[in-house]
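Text of work_0.txt (compact mmCIF, C-alpha atoms and all ligand atoms) as supplied:
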```
# COMPACT_ATOMS: atom_id res chain seq x y z
CA MET A 748 -12.58 -9.94 -1.74
CA LYS A 749 -12.46 -8.12 -5.03
CA LEU A 750 -9.29 -6.03 -4.94
CA ALA A 751 -7.75 -3.53 -7.35
CA CYS A 752 -4.21 -2.15 -7.51
CA ILE A 753 -3.40 1.29 -8.82
CA GLY A 754 0.33 0.74 -9.32
CA ILE A 755 1.62 -2.80 -9.73
CA GLY A 756 5.35 -2.39 -9.13
CA GLN A 757 7.32 -3.76 -6.19
CA VAL A 758 4.65 -3.03 -3.56
CA GLY A 759 1.50 -3.50 -5.65
CA PHE A 760 2.67 -6.81 -7.10
CA ALA A 761 3.81 -8.22 -3.76
CA LEU A 762 0.44 -7.48 -2.15
CA ALA A 763 -1.59 -8.58 -5.17
CA ASN A 764 0.34 -11.80 -5.71
CA ASN A 765 0.13 -12.94 -2.07
CA LEU A 766 -3.52 -11.97 -1.72
CA GLN A 767 -4.43 -13.74 -4.98
CA GLN A 768 -2.84 -16.88 -3.56
CA LYS A 769 -5.13 -16.48 -0.53
CA GLY A 770 -8.18 -16.52 -2.80
CA HIS A 771 -8.78 -12.84 -3.51
CA ASP A 772 -9.64 -11.55 -7.00
CA ILE A 773 -7.09 -9.05 -8.30
CA THR A 774 -7.63 -6.39 -10.94
CA ILE A 775 -4.79 -4.21 -12.14
CA ALA A 776 -6.16 -0.66 -12.32
CA HIS A 777 -4.11 0.92 -15.06
CA ASN A 778 -3.99 3.93 -17.31
CA ASN A 779 -1.65 2.19 -19.77
CA ILE A 780 -2.08 -1.51 -20.49
CA GLN A 781 1.30 -1.51 -22.26
CA SER A 782 3.22 -0.19 -19.27
CA GLU A 783 6.20 -2.27 -18.22
CA SER A 784 4.88 -3.01 -14.74
CA VAL A 785 1.42 -4.03 -15.98
CA LEU A 786 2.87 -6.40 -18.59
CA SER A 787 5.36 -7.83 -16.10
CA ALA A 788 2.70 -8.39 -13.41
CA GLN A 789 0.40 -10.19 -15.85
CA LYS A 790 3.29 -12.34 -17.02
CA ARG A 791 4.19 -13.25 -13.42
CA ASN A 792 0.58 -13.95 -12.39
CA SER A 793 -1.74 -14.74 -15.28
CA SER A 794 -4.84 -14.72 -13.04
CA PHE A 795 -4.78 -10.92 -12.69
CA SER A 796 -7.34 -9.10 -14.76
CA ALA A 797 -6.86 -5.51 -15.94
CA LEU A 798 -9.26 -2.61 -16.33
CA SER A 799 -9.05 1.15 -16.57
CA ILE A 800 -8.65 2.70 -13.13
CA GLN A 801 -12.25 3.91 -12.79
CA GLU A 802 -13.67 0.60 -14.07
CA ALA A 803 -11.48 -1.31 -11.64
CA ILE A 804 -12.71 0.85 -8.75
CA ASN A 805 -16.32 0.30 -9.80
CA THR A 806 -15.93 -3.49 -9.66
CA SER A 807 -13.76 -3.77 -6.51
CA GLU A 808 -14.32 -3.57 -2.77
CA VAL A 809 -10.84 -2.45 -1.75
CA ILE A 810 -8.37 -0.49 -3.88
CA PHE A 811 -4.64 -0.20 -3.19
CA LEU A 812 -2.78 2.95 -4.15
CA ALA A 813 0.82 1.82 -4.78
CA THR A 814 2.23 4.48 -7.08
CA PRO A 815 4.87 7.09 -6.33
CA PHE A 816 3.33 9.65 -3.97
CA SER A 817 4.22 12.33 -6.52
CA ALA A 818 1.81 10.73 -9.03
CA ALA A 819 -1.11 10.38 -6.63
CA GLU A 820 -2.79 13.78 -6.93
CA ALA A 821 -3.09 13.66 -10.71
CA ILE A 822 -4.35 10.07 -10.62
CA LEU A 823 -6.90 10.54 -7.84
CA LEU A 824 -8.53 13.85 -8.71
CA SER A 825 -10.47 12.43 -11.66
CA LEU A 826 -11.78 9.32 -9.85
CA ASP A 827 -14.96 8.53 -7.92
CA PHE A 828 -14.49 5.95 -5.16
CA ALA A 829 -18.16 5.96 -4.11
CA GLY A 830 -17.37 5.20 -0.47
CA LYS A 831 -14.97 2.33 -1.18
CA THR A 832 -11.83 1.60 0.80
CA LEU A 833 -8.63 3.08 -0.59
CA VAL A 834 -5.48 1.69 1.02
CA ASP A 835 -2.73 4.27 0.84
CA CYS A 836 0.55 2.41 0.42
CA THR A 837 2.48 5.49 -0.73
CA ASN A 838 5.26 7.29 1.08
CA PRO A 839 5.93 10.99 0.61
CA VAL A 840 9.72 11.01 0.76
CA GLY A 841 11.66 14.25 0.39
CA PRO A 842 15.33 15.14 -0.06
CA GLY A 843 17.75 13.23 2.17
CA ILE A 844 14.98 10.78 3.15
CA SER A 845 13.01 13.48 4.92
CA HIS A 846 9.23 13.67 5.16
CA GLY A 847 8.09 14.90 1.76
CA LEU A 848 5.44 17.23 3.23
CA GLU A 849 7.83 18.60 5.88
CA SER A 850 5.88 16.70 8.57
CA LYS A 851 3.09 19.29 8.39
CA ILE A 852 0.48 16.77 7.26
CA SER A 853 0.59 13.12 6.34
CA GLY A 854 0.58 11.95 2.76
CA ALA A 855 -2.46 9.84 3.65
CA GLU A 856 -4.46 12.95 4.60
CA LYS A 857 -3.50 14.50 1.24
CA VAL A 858 -4.67 11.30 -0.45
CA GLN A 859 -7.99 11.66 1.42
CA GLU A 860 -8.25 15.28 0.21
CA TRP A 861 -7.65 14.17 -3.39
CA ALA A 862 -10.07 11.23 -3.08
CA PRO A 863 -12.86 12.66 -0.91
CA THR A 864 -15.30 9.87 -1.78
CA ALA A 865 -12.91 7.15 -0.55
CA LYS A 866 -12.44 5.69 2.92
CA VAL A 867 -8.66 5.99 3.17
CA VAL A 868 -6.62 3.62 5.32
CA LYS A 869 -2.84 3.93 5.62
CA ALA A 870 -1.15 0.52 5.55
CA TYR A 871 1.76 -1.47 4.13
CA THR A 872 4.17 1.45 4.30
CA ILE A 873 6.29 0.88 7.39
CA TYR A 874 8.45 -1.85 5.82
CA GLY A 875 10.16 -2.34 2.50
CA PHE A 876 8.52 -4.44 -0.19
CA GLU A 877 10.69 -7.43 0.84
CA ASN A 878 8.44 -7.98 3.85
CA LEU A 879 5.31 -7.67 1.72
CA GLU A 880 6.68 -10.27 -0.69
CA ASN A 881 7.40 -12.59 2.22
CA PRO A 882 5.85 -11.72 5.61
CA SER A 883 6.60 -15.14 7.07
CA PHE A 884 8.97 -15.52 10.05
CA PRO A 885 8.81 -19.26 10.76
CA ASP A 886 11.32 -19.17 13.63
CA TYR A 887 8.98 -17.05 15.77
CA HIS A 888 5.68 -17.82 17.48
CA ILE A 889 4.53 -14.23 16.99
CA LYS A 890 3.56 -12.69 13.66
CA PRO A 891 4.94 -9.41 12.34
CA VAL A 892 2.71 -6.43 13.03
CA MET A 893 1.21 -4.10 10.43
CA LEU A 894 0.34 -0.68 11.79
CA ILE A 895 -2.63 1.00 10.16
CA ALA A 896 -4.50 4.30 10.50
CA GLY A 897 -7.84 5.52 9.17
CA ASN A 898 -11.06 7.29 10.07
CA GLU A 899 -13.52 4.54 9.12
CA ALA A 900 -13.88 1.41 11.25
CA THR A 901 -15.42 -0.68 8.46
CA ALA A 902 -12.56 0.12 6.10
CA LYS A 903 -10.01 -0.75 8.77
CA GLU A 904 -11.79 -4.08 9.36
CA GLN A 905 -11.38 -4.92 5.67
CA VAL A 906 -7.67 -4.11 5.87
CA GLU A 907 -7.33 -6.20 9.01
CA THR A 908 -8.80 -9.18 7.14
CA LEU A 909 -6.26 -8.69 4.35
CA ASN A 910 -3.45 -8.32 6.91
CA THR A 911 -4.44 -11.62 8.51
CA ASP A 912 -4.47 -13.34 5.13
CA LEU A 913 -1.00 -11.95 4.41
CA GLY A 914 0.33 -13.16 7.77
CA PHE A 915 0.40 -9.91 9.75
CA ASN A 916 -1.13 -9.02 13.09
CA THR A 917 -2.90 -5.66 12.87
CA LEU A 918 -2.35 -2.73 15.19
CA ASP A 919 -4.91 0.02 14.65
CA THR A 920 -3.12 3.22 15.65
CA GLY A 921 -6.19 5.46 15.39
CA ASN A 922 -7.49 7.99 12.92
CA LEU A 923 -5.87 9.07 9.68
CA SER A 924 -3.82 11.84 11.28
CA GLN A 925 -1.76 9.06 12.92
CA ALA A 926 -0.47 8.28 9.42
CA LEU A 927 2.05 11.08 9.85
CA HIS A 928 3.75 9.01 12.55
CA LEU A 929 3.57 5.87 10.43
CA GLU A 930 5.28 7.80 7.64
CA HIS A 931 8.07 8.67 10.05
CA MET A 932 8.37 4.98 10.94
CA THR A 933 8.84 4.42 7.22
CA LEU A 934 11.71 6.90 7.16
CA LEU A 935 13.29 5.08 10.12
CA TRP A 936 13.09 1.71 8.32
CA VAL A 937 14.26 3.15 5.00
CA LYS A 938 17.24 4.92 6.55
CA MET A 939 18.22 1.80 8.51
CA VAL A 940 18.02 -0.49 5.49
CA ARG A 941 18.56 1.52 2.33
CA VAL A 942 21.20 3.88 3.80
CA ASN A 943 22.78 2.09 6.77
CA ARG A 944 22.53 -1.34 5.09
CA HIS A 945 20.62 -3.07 7.89
CA HIS A 946 19.21 -6.38 6.63
CA PRO A 947 15.77 -5.76 5.01
CA ASN A 948 14.05 -8.93 6.20
CA PHE A 949 12.98 -7.65 9.59
CA THR A 950 9.77 -6.20 10.97
CA TRP A 951 8.36 -4.89 14.22
CA ALA A 952 6.16 -6.99 16.52
CA TYR A 953 3.38 -6.08 18.96
CA LEU A 954 3.66 -7.43 22.51
CA GLU A 955 0.90 -6.61 25.01
CA ARG A 956 0.63 -7.30 28.70
N1 LIG B 1001 9.60 -0.14 -2.50
C1 LIG B 1001 9.34 -0.28 -1.21
O1 LIG B 1001 10.06 -0.97 -0.49
C2 LIG B 1001 8.12 0.39 -0.62
C3 LIG B 1001 7.57 -0.09 0.59
C4 LIG B 1001 6.41 0.48 1.09
C5 LIG B 1001 5.81 1.54 0.41
N2 LIG B 1001 6.37 2.00 -0.76
C6 LIG B 1001 5.68 3.07 -1.48
O2 LIG B 1001 4.80 2.40 -2.38
C7 LIG B 1001 4.67 3.16 -3.59
C8 LIG B 1001 5.08 2.28 -4.76
O3 LIG B 1001 6.44 1.90 -4.60
P1 LIG B 1001 7.06 0.76 -5.52
O4 LIG B 1001 8.41 0.49 -4.95
O5 LIG B 1001 6.10 -0.35 -5.70
O6 LIG B 1001 7.23 1.56 -6.90
P2 LIG B 1001 7.45 0.94 -8.36
O7 LIG B 1001 7.99 -0.43 -8.28
O8 LIG B 1001 8.21 1.98 -9.11
O9 LIG B 1001 5.95 0.86 -8.96
C9 LIG B 1001 5.19 2.01 -9.14
C10 LIG B 1001 3.92 1.66 -9.86
O10 LIG B 1001 3.15 2.88 -10.01
C11 LIG B 1001 2.81 3.01 -11.38
N3 LIG B 1001 2.69 4.43 -11.73
C12 LIG B 1001 3.64 5.37 -11.67
N4 LIG B 1001 3.15 6.55 -12.09
C13 LIG B 1001 1.85 6.33 -12.42
C14 LIG B 1001 0.81 7.14 -12.94
N5 LIG B 1001 1.00 8.45 -13.16
N6 LIG B 1001 -0.41 6.58 -13.17
C15 LIG B 1001 -0.62 5.25 -12.92
N7 LIG B 1001 0.34 4.43 -12.45
C16 LIG B 1001 1.55 4.97 -12.20
C17 LIG B 1001 3.93 2.34 -12.13
O11 LIG B 1001 3.50 2.04 -13.44
P3 LIG B 1001 4.48 2.16 -14.73
O12 LIG B 1001 5.09 0.84 -14.94
O13 LIG B 1001 3.54 2.55 -15.81
O14 LIG B 1001 5.48 3.23 -14.41
C18 LIG B 1001 4.14 1.10 -11.26
O15 LIG B 1001 3.16 0.13 -11.54
C19 LIG B 1001 5.57 4.40 -3.40
O16 LIG B 1001 4.78 5.48 -2.97
C20 LIG B 1001 6.55 3.97 -2.32
O17 LIG B 1001 7.05 5.07 -1.58
C21 LIG B 1001 7.50 1.44 -1.28
```
Output the structure of this file as structure tokens.
Amino acid sequence: MKLACIGIGQVGFALANNLQQKGHDITIAHNNIQSESVLSAQKRNSSFSALSIQEAINTSEVIFLATPFSAAEAILLSLDFAGKTLVDCTNPVGPGISHGLESKISGAEKVQEWAPTAKVVKAYTIYGFENLENPSFPDYHIKPVMLIAGNEATAKEQVETLNTDLGFNTLDTGNLSQALHLEHMTLLWVKMVRVNRHHPNFTWAYLER
């Protein structure tokens, strides 16, 4: 698939680098070609191309949003996604690792408001970047699960394909309003690992009977 990343830091690079190695075309969607993260990503993976954000959207099938949540509104309001899939990887985190929108609405639904022409899917937020850099758990016969949410089945199918390529099973939790609960799962993981010092290299799994 042709993929673009708005934000190519810890999360954006981990996704882009692994997906490039699975045969996907990656474009860095930037508003500053000289930014530290853009230069570093291109140095670490010379196959990435780079375009302005709108040009990258125009030439891609799926776009990842992997910037701070606080930057998203200003970035998105000027863009036209023309019905393309926008994967919201951001987390609205407030003071004391609380939900940044006071749990009234998910960040993903705000992203959808700011990008009304996109098909927004929430994904890649419930774990730290360590598990996006390396989603492999060779000692287990079951793959880690990636929980997703979104209103559009076709967009979720695209994300499921990418999940499979990355090494995740997909659990579709329902429509985009479910993203609020995924964002709380993020807070759980972040508090366990970043505050309580639980080891970061763990994920959840889906068992069904
Ligand atoms: N870190 C984690 O473990 C983790 C896991 C899951 C989800 N998340 C979420 O994923 C998002 C990215 O986190 P990260 O850890 O990857 O952050 P990061 O390493 O700081 O990278 C952020 C990226 O966003 C870019 N950016 C920032 N402001 C921008 C703007 N106004 N316009 C365009 N690009 C901008 C940065 O570019 P510059 O170099 O120009 O600043 C950089 O490429 C956050 O919302 C975070 O909550 C993080």
Neighbours of ligand LIG 1001 (chain B) within 9 Å, counting all atoms listed in the file, as a ChimeraX atom specification?
/A:752-761,776-788,800,812-819,821-822,835-840,870-879,933,937
Go ahead and save the picked residues with C-alpha atoms, as a PDB file, keeping the file's coordinate frame.
```
ATOM      1  CA  CYS A 752      -4.210  -2.150  -7.510  1.00  0.00           C
ATOM      2  CA  ILE A 753      -3.400   1.290  -8.820  1.00  0.00           C
ATOM      3  CA  GLY A 754       0.330   0.740  -9.320  1.00  0.00           C
ATOM      4  CA  ILE A 755       1.620  -2.800  -9.730  1.00  0.00           C
ATOM      5  CA  GLY A 756       5.350  -2.390  -9.130  1.00  0.00           C
ATOM      6  CA  GLN A 757       7.320  -3.760  -6.190  1.00  0.00           C
ATOM      7  CA  VAL A 758       4.650  -3.030  -3.560  1.00  0.00           C
ATOM      8  CA  GLY A 759       1.500  -3.500  -5.650  1.00  0.00           C
ATOM      9  CA  PHE A 760       2.670  -6.810  -7.100  1.00  0.00           C
ATOM     10  CA  ALA A 761       3.810  -8.220  -3.760  1.00  0.00           C
ATOM     11  CA  ALA A 776      -6.160  -0.660 -12.320  1.00  0.00           C
ATOM     12  CA  HIS A 777      -4.110   0.920 -15.060  1.00  0.00           C
ATOM     13  CA  ASN A 778      -3.990   3.930 -17.310  1.00  0.00           C
ATOM     14  CA  ASN A 779      -1.650   2.190 -19.770  1.00  0.00           C
ATOM     15  CA  ILE A 780      -2.080  -1.510 -20.490  1.00  0.00           C
ATOM     16  CA  GLN A 781       1.300  -1.510 -22.260  1.00  0.00           C
ATOM     17  CA  SER A 782       3.220  -0.190 -19.270  1.00  0.00           C
ATOM     18  CA  GLU A 783       6.200  -2.270 -18.220  1.00  0.00           C
ATOM     19  CA  SER A 784       4.880  -3.010 -14.740  1.00  0.00           C
ATOM     20  CA  VAL A 785       1.420  -4.030 -15.980  1.00  0.00           C
ATOM     21  CA  LEU A 786       2.870  -6.400 -18.590  1.00  0.00           C
ATOM     22  CA  SER A 787       5.360  -7.830 -16.100  1.00  0.00           C
ATOM     23  CA  ALA A 788       2.700  -8.390 -13.410  1.00  0.00           C
ATOM     24  CA  ILE A 800      -8.650   2.700 -13.130  1.00  0.00           C
ATOM     25  CA  LEU A 812      -2.780   2.950  -4.150  1.00  0.00           C
ATOM     26  CA  ALA A 813       0.820   1.820  -4.780  1.00  0.00           C
ATOM     27  CA  THR A 814       2.230   4.480  -7.080  1.00  0.00           C
ATOM     28  CA  PRO A 815       4.870   7.090  -6.330  1.00  0.00           C
ATOM     29  CA  PHE A 816       3.330   9.650  -3.970  1.00  0.00           C
ATOM     30  CA  SER A 817       4.220  12.330  -6.520  1.00  0.00           C
ATOM     31  CA  ALA A 818       1.810  10.730  -9.030  1.00  0.00           C
ATOM     32  CA  ALA A 819      -1.110  10.380  -6.630  1.00  0.00           C
ATOM     33  CA  ALA A 821      -3.090  13.660 -10.710  1.00  0.00           C
ATOM     34  CA  ILE A 822      -4.350  10.070 -10.620  1.00  0.00           C
ATOM     35  CA  ASP A 835      -2.730   4.270   0.840  1.00  0.00           C
ATOM     36  CA  CYS A 836       0.550   2.410   0.420  1.00  0.00           C
ATOM     37  CA  THR A 837       2.480   5.490  -0.730  1.00  0.00           C
ATOM     38  CA  ASN A 838       5.260   7.290   1.080  1.00  0.00           C
ATOM     39  CA  PRO A 839       5.930  10.990   0.610  1.00  0.00           C
ATOM     40  CA  VAL A 840       9.720  11.010   0.760  1.00  0.00           C
ATOM     41  CA  ALA A 870      -1.150   0.520   5.550  1.00  0.00           C
ATOM     42  CA  TYR A 871       1.760  -1.470   4.130  1.00  0.00           C
ATOM     43  CA  THR A 872       4.170   1.450   4.300  1.00  0.00           C
ATOM     44  CA  ILE A 873       6.290   0.880   7.390  1.00  0.00           C
ATOM     45  CA  TYR A 874       8.450  -1.850   5.820  1.00  0.00           C
ATOM     46  CA  GLY A 875      10.160  -2.340   2.500  1.00  0.00           C
ATOM     47  CA  PHE A 876       8.520  -4.440  -0.190  1.00  0.00           C
ATOM     48  CA  GLU A 877      10.690  -7.430   0.840  1.00  0.00           C
ATOM     49  CA  ASN A 878       8.440  -7.980   3.850  1.00  0.00           C
ATOM     50  CA  LEU A 879       5.310  -7.670   1.720  1.00  0.00           C
ATOM     51  CA  THR A 933       8.840   4.420   7.220  1.00  0.00           C
ATOM     52  CA  VAL A 937      14.260   3.150   5.000  1.00  0.00           C
TER      53      VAL A 937
END
```
Work out how far apart atom CA of A:Thr911 and atom CA of A:His945 are and give it in Å to one decimal.
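Between these atoms lies a distance of 26.5 Å.
Straight-line separation from atom CA of A:His946 to atom CA of A:Val868: 27.7 Å.
The residue that comes closest to A:Leu750, out of A:Thr917, A:Thr774, A:Ser793, A:Ser853 and on the basis of only C-alpha atoms, is A:Thr774.
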Fewer than 6 positions away in the same chain doesn't count, so skip those; otherwise give me all residues within 9 Å of A:Asp919, counting all atoms listed in the file, as a VMD selection string.
chain A and resid 893 to 897 903 907
Taking all atoms of stretch 887-904 of chain A that the file lists and extending 6 Å past them on each side, where is the centre of the axis-aligned box and how long are its edges? Answer in Å to one decimal, as AutoDock Vina command-line options.
```
--center_x -3.2 --center_y -5.3 --center_z 11.8 --size_x 36.4 --size_y 37.1 --size_z 23.4
```
Within 7 Å of A:Lys890 using only C-alpha atoms, minus same-chain residues under 4 positions, as a VMD selection string
chain A and resid 914 to 916 952
My list of candidates is A:Ser845, A:Thr832, A:Gln789, A:Gln768. Which is closest to A:Glu930 when distances are computed with only C-alpha atoms?
A:Ser845
Residue with smallest distance to A:Asn948 - pool A:Ala926, A:Ser883, A:Gln859, A:Val906, counting only C-alpha atoms
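With only C-alpha atoms as the atom set, the closest residue is A:Ser883.
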Calculated over all atoms listed in the file, which of the candidates A:Leu824, A:Phe884, A:Ile844, A:Ile889 has the smallest distance to A:Val940?
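Of all the options, A:Ile844 lies closest to A:Val940.
From atom CA of A:Val809 back to atom CA of A:Gln905, the distance works out to 7.8 Å.
If all atoms listed in the file are the atoms counted, then among A:Leu909, A:Met939, A:Leu923, A:Ile773 the closest residue to A:Ala855 is A:Leu923.
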Given all atoms listed in the file as the basis, pick out the residue of A:Ile775, A:Leu913, A:Ile852, A:Leu954 nearest to A:Ile804.
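Comparing A:Ile775, A:Leu913, A:Ile852, A:Leu954 against A:Ile804, the winner is A:Ile775.
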Extract, using only C-alpha atoms, all DNA, RNA and protein residues at most 8 Å from A:Asp827, discarding same-chain residues fewer than 6 positions from it, and format them as a list in words.
Gln801, Ala862, Thr864 and Ala865 of chain A
